[in-house]
>>> print(open('work17.pdb').read())   # PDB, C-alpha atoms and all ligand atoms
ATOM      1  CA  MET I   1      -3.191  24.326 -31.514
ATOM      2  CA  LEU I   2      -2.673  20.568 -31.867
ATOM      3  CA  SER I   3      -5.137  19.666 -34.585
ATOM      4  CA  GLY I   4      -3.694  17.152 -37.025
ATOM      5  CA  LYS I   5      -1.376  15.780 -34.319
ATOM      6  CA  THR I   6      -1.797  12.402 -32.630
ATOM      7  CA  ALA I   7      -1.040  11.876 -28.946
ATOM      8  CA  LEU I   8      -0.532   8.478 -27.363
ATOM      9  CA  VAL I   9      -1.030   8.608 -23.588
ATOM     10  CA  THR I  10      -0.155   5.432 -21.698
ATOM     11  CA  GLY I  11      -2.295   4.717 -18.639
ATOM     12  CA  SER I  12      -4.994   7.141 -19.758
ATOM     13  CA  THR I  13      -8.071   5.250 -18.575
ATOM     14  CA  SER I  14      -7.790   6.915 -15.152
ATOM     15  CA  GLY I  15      -6.330   9.749 -13.118
ATOM     16  CA  ILE I  16      -3.530  11.946 -14.453
ATOM     17  CA  GLY I  17      -3.285  10.210 -17.847
ATOM     18  CA  LEU I  18      -6.973  10.809 -18.473
ATOM     19  CA  GLY I  19      -6.604  14.470 -17.433
ATOM     20  CA  ILE I  20      -3.713  14.922 -19.866
ATOM     21  CA  ALA I  21      -5.507  13.077 -22.686
ATOM     22  CA  ARG I  22      -8.538  15.343 -22.246
ATOM     23  CA  ALA I  23      -6.378  18.498 -22.194
ATOM     24  CA  LEU I  24      -4.587  17.454 -25.422
ATOM     25  CA  ALA I  25      -7.906  16.521 -27.086
ATOM     26  CA  ALA I  26      -9.265  19.954 -26.106
ATOM     27  CA  GLN I  27      -6.393  21.391 -28.194
ATOM     28  CA  GLY I  28      -7.485  19.269 -31.167
ATOM     29  CA  ALA I  29      -5.116  16.303 -30.888
ATOM     30  CA  ASN I  30      -6.278  12.802 -31.793
ATOM     31  CA  ILE I  31      -5.765  10.462 -28.851
ATOM     32  CA  VAL I  32      -4.627   6.871 -28.551
ATOM     33  CA  PHE I  33      -5.821   5.756 -25.115
ATOM     34  CA  ASN I  34      -4.183   2.943 -23.151
ATOM     35  CA  GLY I  35      -4.715   1.373 -19.754
ATOM     36  CA  PHE I  36      -6.783  -1.169 -17.897
ATOM     37  CA  GLY I  37     -10.423  -1.183 -16.814
ATOM     38  CA  ASP I  38     -13.908  -2.286 -17.757
ATOM     39  CA  ALA I  39     -14.106  -2.685 -21.558
ATOM     40  CA  ALA I  40     -17.529  -1.040 -21.918
ATOM     41  CA  GLN I  41     -16.530   1.932 -19.741
ATOM     42  CA  ILE I  42     -13.301   2.420 -21.704
ATOM     43  CA  GLU I  43     -15.219   2.304 -25.000
ATOM     44  CA  GLN I  44     -17.583   4.959 -23.640
ATOM     45  CA  LEU I  45     -14.670   7.030 -22.338
ATOM     46  CA  HIS I  46     -12.725   7.253 -25.589
ATOM     47  CA  THR I  47     -15.728   7.633 -27.900
ATOM     48  CA  GLY I  48     -17.032  10.303 -25.479
ATOM     49  CA  VAL I  49     -13.760  12.268 -25.745
ATOM     50  CA  ALA I  50     -13.886  11.953 -29.565
ATOM     51  CA  LYS I  51     -17.403  13.392 -29.620
ATOM     52  CA  GLU I  52     -16.784  16.101 -27.006
ATOM     53  CA  PHE I  53     -13.700  17.540 -28.716
ATOM     54  CA  GLY I  54     -14.289  16.572 -32.369
ATOM     55  CA  VAL I  55     -11.116  14.459 -32.581
ATOM     56  CA  ARG I  56     -10.365  10.840 -33.519
ATOM     57  CA  THR I  57      -9.597   8.388 -30.730
ATOM     58  CA  ALA I  58      -8.503   4.767 -30.457
ATOM     59  CA  TYR I  59      -7.736   2.422 -27.580
ATOM     60  CA  SER I  60      -5.027  -0.148 -26.947
ATOM     61  CA  GLY I  61      -5.194  -2.456 -23.937
ATOM     62  CA  ALA I  62      -1.448  -3.181 -24.147
ATOM     63  CA  ASP I  63       0.203  -4.124 -20.860
ATOM     64  CA  MET I  64       3.127  -1.719 -20.361
ATOM     65  CA  SER I  65       5.148  -4.452 -18.654
ATOM     66  CA  LYS I  66       5.174  -6.466 -21.903
ATOM     67  CA  PRO I  67       7.501  -5.181 -24.677
ATOM     68  CA  GLU I  68       5.746  -7.209 -27.395
ATOM     69  CA  GLN I  69       2.375  -5.680 -26.445
ATOM     70  CA  ILE I  70       3.940  -2.195 -26.520
ATOM     71  CA  GLU I  71       5.229  -2.927 -30.034
ATOM     72  CA  GLU I  72       1.743  -4.055 -31.080
ATOM     73  CA  MET I  73       0.241  -0.813 -29.655
ATOM     74  CA  MET I  74       2.725   1.282 -31.630
ATOM     75  CA  ARG I  75       1.938  -0.679 -34.821
ATOM     76  CA  MET I  76      -1.766   0.042 -34.221
ATOM     77  CA  ALA I  77      -1.022   3.775 -33.791
ATOM     78  CA  ALA I  78       0.954   3.749 -37.055
ATOM     79  CA  ALA I  79      -1.799   1.922 -38.927
ATOM     80  CA  GLN I  80      -4.599   4.191 -37.673
ATOM     81  CA  PHE I  81      -2.840   7.576 -37.402
ATOM     82  CA  GLY I  82       0.408   7.276 -39.356
ATOM     83  CA  GLY I  83       2.467   7.413 -36.167
ATOM     84  CA  VAL I  84       2.604   9.338 -32.896
ATOM     85  CA  ASP I  85       3.499  13.055 -32.656
ATOM     86  CA  ILE I  86       3.045  13.421 -28.911
ATOM     87  CA  LEU I  87       4.018  10.608 -26.579
ATOM     88  CA  VAL I  88       2.998  10.821 -22.929
ATOM     89  CA  ASN I  89       4.599   8.088 -20.828
ATOM     90  CA  ASN I  90       2.244   8.078 -17.888
ATOM     91  CA  ALA I  91       1.310   4.496 -16.908
ATOM     92  CA  GLY I  92       2.510   3.742 -13.412
ATOM     93  CA  ILE I  93       1.913   1.720 -10.293
ATOM     94  CA  GLN I  94       3.007   2.011  -6.672
ATOM     95  CA  HIS I  95       3.833  -0.349  -3.827
ATOM     96  CA  VAL I  96       4.866   0.728  -0.338
ATOM     97  CA  SER I  97       7.153  -1.495   1.713
ATOM     98  CA  ASN I  98      10.615  -1.346   3.279
ATOM     99  CA  VAL I  99      13.480  -2.649   1.133
ATOM    100  CA  GLU I 100      14.010  -5.885   3.089
ATOM    101  CA  ASP I 101      10.310  -6.779   2.817
ATOM    102  CA  PHE I 102       9.771  -5.517  -0.743
ATOM    103  CA  PRO I 103       8.216  -8.304  -2.876
ATOM    104  CA  VAL I 104      10.627  -9.086  -5.732
ATOM    105  CA  GLU I 105       7.806  -9.356  -8.281
ATOM    106  CA  LYS I 106       6.512  -5.888  -7.257
ATOM    107  CA  TRP I 107       9.988  -4.411  -7.738
ATOM    108  CA  ASP I 108      10.197  -5.938 -11.226
ATOM    109  CA  ALA I 109       6.683  -4.754 -12.162
ATOM    110  CA  ILE I 110       7.318  -1.169 -10.995
ATOM    111  CA  ILE I 111      10.605  -0.907 -12.902
ATOM    112  CA  ALA I 112       8.988  -2.440 -16.018
ATOM    113  CA  ILE I 113       5.845  -0.272 -16.032
ATOM    114  CA  ASN I 114       7.155   3.016 -14.562
ATOM    115  CA  LEU I 115      10.534   3.068 -16.336
ATOM    116  CA  THR I 116      11.238   0.449 -19.022
ATOM    117  CA  SER I 117       7.938   0.969 -20.876
ATOM    118  CA  ALA I 118       9.019   4.570 -21.573
ATOM    119  CA  PHE I 119      12.201   3.265 -23.232
ATOM    120  CA  HIS I 120      10.160   1.008 -25.516
ATOM    121  CA  THR I 121       7.528   3.592 -26.518
ATOM    122  CA  THR I 122      10.214   6.250 -27.015
ATOM    123  CA  ARG I 123      12.515   4.101 -29.158
ATOM    124  CA  LEU I 124       9.542   3.175 -31.343
ATOM    125  CA  ALA I 125       8.069   6.707 -31.615
ATOM    126  CA  LEU I 126      11.309   8.613 -32.296
ATOM    127  CA  PRO I 127      11.734   7.557 -35.961
ATOM    128  CA  TRP I 128       8.257   8.990 -36.800
ATOM    129  CA  MET I 129       8.977  12.216 -34.898
ATOM    130  CA  LYS I 130      12.408  12.665 -36.504
ATOM    131  CA  GLN I 131      10.936  12.131 -39.949
ATOM    132  CA  LYS I 132       8.529  15.052 -39.361
ATOM    133  CA  ASN I 133      11.150  17.017 -37.412
ATOM    134  CA  TRP I 134       8.510  17.615 -34.750
ATOM    135  CA  GLY I 135       7.687  15.631 -31.670
ATOM    136  CA  ARG I 136       6.907  15.966 -27.990
ATOM    137  CA  ILE I 137       7.745  13.358 -25.387
ATOM    138  CA  VAL I 138       6.348  14.038 -21.929
ATOM    139  CA  ASN I 139       7.323  11.643 -19.163
ATOM    140  CA  LEU I 140       5.206  11.488 -16.016
ATOM    141  CA  ALA I 141       7.886  11.161 -13.389
ATOM    142  CA  SER I 142       7.054  12.397  -9.892
ATOM    143  CA  VAL I 143       8.456  14.547  -7.144
ATOM    144  CA  HIS I 144       9.895  11.109  -6.307
ATOM    145  CA  GLY I 145      12.061  11.559  -9.404
ATOM    146  CA  LEU I 146      13.767  14.372  -7.456
ATOM    147  CA  VAL I 147      13.641  13.312  -3.792
ATOM    148  CA  GLY I 148      13.085  10.072  -1.888
ATOM    149  CA  SER I 149      10.510   8.841   0.638
ATOM    150  CA  ALA I 150      10.860   5.844   2.923
ATOM    151  CA  GLY I 151       8.965   2.750   1.784
ATOM    152  CA  LYS I 152       9.034   3.621  -1.924
ATOM    153  CA  SER I 153      12.365   2.194  -3.112
ATOM    154  CA  ALA I 154      11.204   0.778  -6.455
ATOM    155  CA  TYR I 155       9.033   3.793  -7.271
ATOM    156  CA  VAL I 156      11.747   6.330  -6.370
ATOM    157  CA  ALA I 157      14.375   4.342  -8.302
ATOM    158  CA  ALA I 158      12.105   4.119 -11.366
ATOM    159  CA  LYS I 159      11.167   7.814 -11.259
ATOM    160  CA  HIS I 160      14.780   8.986 -10.790
ATOM    161  CA  GLY I 161      15.606   6.692 -13.731
ATOM    162  CA  LEU I 162      12.833   8.245 -15.806
ATOM    163  CA  VAL I 163      14.195  11.747 -15.117
ATOM    164  CA  GLY I 164      17.639  10.558 -16.287
ATOM    165  CA  PHE I 165      16.144   8.947 -19.380
ATOM    166  CA  THR I 166      14.312  12.223 -20.107
ATOM    167  CA  LYS I 167      17.588  14.183 -20.069
ATOM    168  CA  VAL I 168      19.362  11.761 -22.397
ATOM    169  CA  THR I 169      16.449  11.627 -24.851
ATOM    170  CA  ALA I 170      16.327  15.454 -24.853
ATOM    171  CA  LEU I 171      20.080  15.696 -25.518
ATOM    172  CA  GLU I 172      20.117  13.114 -28.300
ATOM    173  CA  ASN I 173      17.432  15.125 -30.133
ATOM    174  CA  ALA I 174      18.514  18.632 -29.170
ATOM    175  CA  HIS I 175      19.254  19.610 -32.780
ATOM    176  CA  SER I 176      15.785  18.612 -33.949
ATOM    177  CA  GLY I 177      12.185  19.655 -33.397
ATOM    178  CA  VAL I 178      11.730  16.771 -30.970
ATOM    179  CA  THR I 179      11.701  17.697 -27.279
ATOM    180  CA  CYS I 180      11.537  15.501 -24.205
ATOM    181  CA  ASN I 181      10.613  16.719 -20.728
ATOM    182  CA  ALA I 182       9.411  15.283 -17.434
ATOM    183  CA  ILE I 183       6.576  16.367 -15.159
ATOM    184  CA  CYS I 184       7.065  15.744 -11.456
ATOM    185  CA  PRO I 185       3.758  15.929  -9.566
ATOM    186  CA  GLY I 186       3.344  15.895  -5.809
ATOM    187  CA  TRP I 187       0.208  14.276  -4.327
ATOM    188  CA  VAL I 188      -2.687  14.051  -6.818
ATOM    189  CA  LEU I 189      -5.899  12.427  -5.555
ATOM    190  CA  THR I 190      -6.174   9.522  -8.033
ATOM    191  CA  PRO I 191      -6.836   5.805  -7.392
ATOM    192  CA  LEU I 192      -3.040   5.361  -6.977
ATOM    193  CA  VAL I 193      -3.035   7.765  -4.022
ATOM    194  CA  GLN I 194      -6.510   6.850  -2.715
ATOM    195  CA  LYS I 195      -5.050   3.446  -1.792
ATOM    196  CA  GLN I 196      -2.408   5.184   0.337
ATOM    197  CA  VAL I 197      -5.134   7.342   1.935
ATOM    198  CA  ASP I 198      -7.140   4.180   2.714
ATOM    199  CA  ASP I 199      -4.064   2.476   4.203
ATOM    200  CA  ARG I 200      -3.346   5.540   6.378
ATOM    201  CA  ALA I 201      -6.978   5.743   7.577
ATOM    202  CA  ALA I 202      -6.963   2.031   8.476
ATOM    203  CA  ARG I 203      -3.510   2.146  10.139
ATOM    204  CA  ASP I 204      -4.260   5.186  12.308
ATOM    205  CA  GLY I 205      -7.985   4.496  12.790
ATOM    206  CA  ILE I 206      -8.896   7.951  11.445
ATOM    207  CA  PRO I 207     -11.583   9.108   8.990
ATOM    208  CA  MET I 208     -10.715   9.423   5.280
ATOM    209  CA  GLU I 209     -10.661  13.247   5.302
ATOM    210  CA  ALA I 210      -8.231  13.273   8.240
ATOM    211  CA  ALA I 211      -6.025  10.720   6.433
ATOM    212  CA  LYS I 212      -5.906  12.971   3.344
ATOM    213  CA  LYS I 213      -4.912  15.962   5.494
ATOM    214  CA  ALA I 214      -2.242  13.900   7.265
ATOM    215  CA  LEU I 215      -0.678  12.757   3.960
ATOM    216  CA  LEU I 216      -0.602  16.309   2.629
ATOM    217  CA  ALA I 217       0.711  17.799   5.883
ATOM    218  CA  GLU I 218       3.724  15.484   5.855
ATOM    219  CA  LYS I 219       5.033  16.480   2.433
ATOM    220  CA  GLN I 220       3.048  19.074   0.503
ATOM    221  CA  PRO I 221       3.282  22.607   1.999
ATOM    222  CA  SER I 222       0.262  23.927   0.073
ATOM    223  CA  GLY I 223      -1.920  21.416   1.929
ATOM    224  CA  GLU I 224      -3.813  20.886  -1.326
ATOM    225  CA  PHE I 225      -3.764  18.157  -3.932
ATOM    226  CA  VAL I 226      -2.446  18.895  -7.433
ATOM    227  CA  THR I 227      -5.177  18.139 -10.020
ATOM    228  CA  PRO I 228      -5.089  16.160 -13.293
ATOM    229  CA  GLU I 229      -6.423  19.308 -15.025
ATOM    230  CA  GLU I 230      -3.447  21.380 -13.821
ATOM    231  CA  LEU I 231      -1.068  18.669 -15.031
ATOM    232  CA  GLY I 232      -2.926  18.566 -18.350
ATOM    233  CA  ALA I 233      -2.315  22.300 -18.759
ATOM    234  CA  LEU I 234       1.431  21.805 -18.147
ATOM    235  CA  ALA I 235       1.543  19.010 -20.749
ATOM    236  CA  VAL I 236      -0.205  21.331 -23.238
ATOM    237  CA  PHE I 237       2.434  23.985 -22.530
ATOM    238  CA  PHE I 238       5.220  21.465 -23.292
ATOM    239  CA  CYS I 239       3.462  20.819 -26.635
ATOM    240  CA  SER I 240       3.176  24.518 -27.507
ATOM    241  CA  PRO I 241       5.584  26.557 -29.666
ATOM    242  CA  ALA I 242       6.543  28.537 -26.527
ATOM    243  CA  ALA I 243       8.217  25.363 -25.237
ATOM    244  CA  ASP I 244      10.327  24.700 -28.350
ATOM    245  CA  GLN I 245      13.504  25.284 -26.310
ATOM    246  CA  VAL I 246      12.341  23.595 -23.113
ATOM    247  CA  ARG I 247      14.444  20.445 -23.250
ATOM    248  CA  GLY I 248      15.294  17.861 -20.625
ATOM    249  CA  VAL I 249      13.632  19.567 -17.675
ATOM    250  CA  ALA I 250      12.068  17.823 -14.696
ATOM    251  CA  TRP I 251       9.336  20.295 -13.833
ATOM    252  CA  ASN I 252       7.760  19.803 -10.461
ATOM    253  CA  MET I 253       4.146  20.731  -9.802
ATOM    254  CA  ASP I 254       4.059  19.688  -6.192
ATOM    255  CA  GLY I 255       2.568  22.352  -3.919
ATOM    256  CA  GLY I 256       6.096  23.206  -2.740
ATOM    257  CA  TRP I 257       7.153  19.647  -1.761
ATOM    258  CA  ALA I 258      10.634  19.744  -3.329
ATOM    259  CA  ALA I 259      11.318  23.325  -2.272
ATOM    260  CA  GLN I 260      11.780  22.252   1.358
TER     261      GLN I 260
HETATM  262  P1  LIG I 301      -3.956   5.808 -11.631
HETATM  263  O1  LIG I 301      -3.854   4.527 -10.860
HETATM  264  O2  LIG I 301      -5.147   6.664 -11.496
HETATM  265  O3  LIG I 301      -3.758   5.526 -13.192
HETATM  266  C1  LIG I 301      -2.770   4.665 -13.655
HETATM  267  C2  LIG I 301      -3.077   4.315 -15.081
HETATM  268  O4  LIG I 301      -2.087   3.391 -15.536
HETATM  269  C3  LIG I 301      -4.428   3.612 -15.267
HETATM  270  O5  LIG I 301      -4.994   3.987 -16.494
HETATM  271  C4  LIG I 301      -4.029   2.134 -15.293
HETATM  272  O6  LIG I 301      -4.979   1.305 -15.972
HETATM  273  C5  LIG I 301      -2.728   2.236 -16.045
HETATM  274  N1  LIG I 301      -1.864   1.082 -15.873
HETATM  275  C6  LIG I 301      -1.439   0.496 -14.725
HETATM  276  N2  LIG I 301      -0.670  -0.563 -15.011
HETATM  277  C7  LIG I 301      -0.601  -0.640 -16.354
HETATM  278  C8  LIG I 301       0.038  -1.530 -17.244
HETATM  279  N3  LIG I 301       0.769  -2.574 -16.827
HETATM  280  N4  LIG I 301      -0.113  -1.330 -18.569
HETATM  281  C9  LIG I 301      -0.870  -0.303 -19.042
HETATM  282  N5  LIG I 301      -1.495   0.562 -18.235
HETATM  283  C10 LIG I 301      -1.362   0.390 -16.909
HETATM  284  O7  LIG I 301      -2.616   6.584 -11.260
HETATM  285  P2  LIG I 301      -2.195   8.117 -11.424
HETATM  286  O8  LIG I 301      -2.062   8.670 -10.057
HETATM  287  O9  LIG I 301      -3.035   8.809 -12.411
HETATM  288  O10 LIG I 301      -0.727   7.931 -11.970
HETATM  289  C11 LIG I 301      -0.337   8.232 -13.290
HETATM  290  C12 LIG I 301       1.156   8.507 -13.322
HETATM  291  O11 LIG I 301       1.451   9.650 -12.530
HETATM  292  C13 LIG I 301       1.987   7.357 -12.746
HETATM  293  O12 LIG I 301       3.174   7.207 -13.506
HETATM  294  C14 LIG I 301       2.320   7.846 -11.354
HETATM  295  O13 LIG I 301       3.495   7.282 -10.864
HETATM  296  C15 LIG I 301       2.455   9.337 -11.604
HETATM  297  N6  LIG I 301       2.313  10.159 -10.404
HETATM  298  C16 LIG I 301       1.172  10.113  -9.656
HETATM  299  C17 LIG I 301       1.088  10.922  -8.527
HETATM  300  C18 LIG I 301      -0.135  10.956  -7.665
HETATM  301  O14 LIG I 301      -0.084  11.585  -6.594
HETATM  302  N7  LIG I 301      -1.243  10.358  -8.044
HETATM  303  C19 LIG I 301       2.155  11.744  -8.159
HETATM  304  C20 LIG I 301       3.294  11.741  -8.945
HETATM  305  C21 LIG I 301       3.362  10.945 -10.063
END
>>> encode(input="work17.pdb", output="C-alpha cells")
Amino acid sequence: MLSGKTALVTGSTSGIGLGIARALAAQGANIVFNGFGDAAQIEQLHTGVAKEFGVRTAYSGADMSKPEQIEEMMRMAAAQFGGVDILVNNAGIQHVSNVEDFPVEKWDAIIAINLTSAFHTTRLALPWMKQKNWGRIVNLASVHGLVGSAGKSAYVAAKHGLVGFTKVTALENAHSGVTCNAICPGWVLTPLVQKQVDDRAARDGIPMEAAKKALLAEKQPSGEFVTPEELGALAVFFCSPAADQVRGVAWNMDGGWAAQ
C-alpha cells in the first residue's frame, strides 16, 4: 500500500517508534530512522528492516531538541529520498516530579523534544507534501494529551500542546491531500515506562510483575499494556485511503483509560 512513499519516524530506535517504523515498512514504505543508541546496533536495526521488507532505509542521529540538527536530518531525507511523505513525530522523554521540584532543564528538554520538534519537522516536511498533494503527519501524543496525571506537568503540557498543534496543522491543510492526526496511547511497556515500573518496584519494595500490575490497575481498565504493534497498525490506518477524511483527531488507544 505504501510502496514508493518515504516515512520519517523520529525516535524509532526503540519502543513505539520502532513498532510504527516496522509496520510502515511492512506496507512497503522506505524508512528514515532517528533516535539514540549504540551505533552498531542501530546500523543492524535499519539494514535489517531494509532486508526484511525489501525497502530502503537510512538513519539520522539528529537530536530532536536541536532545531539545526532537525534541519540537517530533513536535508538528508530530501537528498536521499526526495522528501518525506509520511512524518511520524514520535520522539519523547518523560520525567516525574511535582511542579515545585521539577528541574527546569528537564521541563525545557521535555517541551523541546515532545512538542517543539514536531513543529520543526512539520514546517519542513509540509512543502514537499503540498507539492505532491499527498502527505500523512502522525503525532505520537498520549492519553496525557487528553487528561492529566500528578507528577507529569511538563509531559502533560507538551502532549496537550501536541494535540492542539495536530488540530491546527489538520485545519490549515484540510483542502489538500495532507492529513494530520494524533495517536494517544495509554501504558505501553517500553523503556520509557519500564523506568516508571522500576521506580514503583523500588518505592513500594515489590517485585517487578507486581509493580506492572499496580501501574495498570491505577489507570488502564483493561489491565493490559498496549503494544507497539497495535499502535503501528493504527498508524498504517491513518496512512490508508480509508483515512483520507480523518483529520485532526486525537485517537486514544489506551485500554479504556480516558473513558473513565
Ligand atoms: P522509548 O524510550 O522506548 O523511545 C523513545 C525514542 O525516542 C528512542 O528511540 C530514543 O532514542 C528517542 N529519543 C529520545 N530523546 C531523543 C532526542 N532528543 N532526539 C532524538 N530521539 C530521541 O519511548 P516510547 O515509550 O516508545 O515513547 C515513544 C513516544 O510515545 C513518546 O513520544 C512517548 O511520550 C509516547 N508515549 C509513550 C507511552 C508509553 O506508555 N510508553 C504512552 C503514551 C505515549
>>> closest_residue(input="work17.pdb", among="I:Ala233, I:Thr121, I:Gly17, I:Arg200", to="I:Lys212", atoms="all atoms listed in the file")
I:Arg200
>>> closest_residue(input="work17.pdb", among="I:Ala40, I:Met208, I:Val84, I:Ala112", to="I:Ala158", atoms="all atoms listed in the file")
I:Ala112
>>> atom_distance(input="work17.pdb", atom1="atom CA of I:Ala62", atom2="atom CA of I:Ser153")
25.7 Å
>>> closest_residue(input="work17.pdb", among="I:Phe53, I:Phe81, I:Trp134, I:Phe33", to="I:Cys239", atoms="all atoms listed in the file")
I:Trp134
>>> residues_near_ligand(input="work17.pdb", ligand="ligand LIG 301 (chain I)", cutoff="6 Å", atoms="all atoms listed in the file", output="PyMOL selection string")
chain I and resi 11-17+35-36+62-65+90-93+113-114+140-142+185-193
>>> residues_near_point(input="work17.pdb", point="(0.2, 22.1, -17.4)", cutoff="12 Å", atoms="all atoms listed in the file", output="ChimeraX atom specification")
/I:16,19-21,23-24,138,140,182-185,226-240,243,251-253
>>> resolve_selection(input="work17.pdb", expression="the PyMOL selection byres (((chain I and resi 49) around 12) and not hetatm)", output="number ranges by chain")
I: 12-13, 18-33, 42-48, 50-59
>>> atom_distance(input="work17.pdb", atom1="atom CA of I:Phe102", atom2="atom CA of I:Ala118")
23.2 Å
>>> atom_distance(input="work17.pdb", atom1="atom CA of I:Gly4", atom2="atom CA of I:Ala250")
27.3 Å
>>> residues_near_point(input="work17.pdb", point="(4.1, 12.4, -29.8)", cutoff="8 Å", atoms="all atoms listed in the file", output="PyMOL selection string")
chain I and resi 5-8+84-88+125+129+135-137
>>> closest_residue(input="work17.pdb", among="I:Pro67, I:Gly223, I:Pro207, I:Gly61", to="I:Leu124", atoms="only C-alpha atoms")
I:Pro67
>>> residues_around(input="work17.pdb", residues="stretch 246-249 of chain I", least_positions_apart="2", cutoff="8 Å", atoms="only C-alpha atoms", output="PyMOL selection string")
chain I and resi 166-171+174+179-182+238+243-244+251
>>> write_last_selection(input="work17.pdb", atoms="C-alpha atoms", output="PDB file, in the frame of the given file")
ATOM      1  CA  THR I 166      14.312  12.223 -20.107  1.00  0.00           C
ATOM      2  CA  LYS I 167      17.588  14.183 -20.069  1.00  0.00           C
ATOM      3  CA  VAL I 168      19.362  11.761 -22.397  1.00  0.00           C
ATOM      4  CA  THR I 169      16.449  11.627 -24.851  1.00  0.00           C
ATOM      5  CA  ALA I 170      16.327  15.454 -24.853  1.00  0.00           C
ATOM      6  CA  LEU I 171      20.080  15.696 -25.518  1.00  0.00           C
ATOM      7  CA  ALA I 174      18.514  18.632 -29.170  1.00  0.00           C
ATOM      8  CA  THR I 179      11.701  17.697 -27.279  1.00  0.00           C
ATOM      9  CA  CYS I 180      11.537  15.501 -24.205  1.00  0.00           C
ATOM     10  CA  ASN I 181      10.613  16.719 -20.728  1.00  0.00           C
ATOM     11  CA  ALA I 182       9.411  15.283 -17.434  1.00  0.00           C
ATOM     12  CA  PHE I 238       5.220  21.465 -23.292  1.00  0.00           C
ATOM     13  CA  ALA I 243       8.217  25.363 -25.237  1.00  0.00           C
ATOM     14  CA  ASP I 244      10.327  24.700 -28.350  1.00  0.00           C
ATOM     15  CA  TRP I 251       9.336  20.295 -13.833  1.00  0.00           C
TER      16      TRP I 251
END
>>> residues_around(input="work17.pdb", residues="I:Ala211", least_positions_apart="6", cutoff="8 Å", atoms="all atoms listed in the file", output="tab-separated table (two decimals) with C-alpha atoms, in the frame of the given file")
chain	number	residue	atom	x	y	z
I	197	VAL	CA	-5.13	7.34	1.94
I	198	ASP	CA	-7.14	4.18	2.71
I	200	ARG	CA	-3.35	5.54	6.38
I	201	ALA	CA	-6.98	5.74	7.58
>>> closest_residue(input="work17.pdb", among="I:Lys152, I:Leu115, I:Met1, I:Met73", to="I:Pro103", atoms="all atoms listed in the file")
I:Lys152
>>> closest_residue(input="work17.pdb", among="I:Arg123, I:Val163, I:Gln194, I:Asp254", to="I:Glu209", atoms="all atoms listed in the file")
I:Gln194
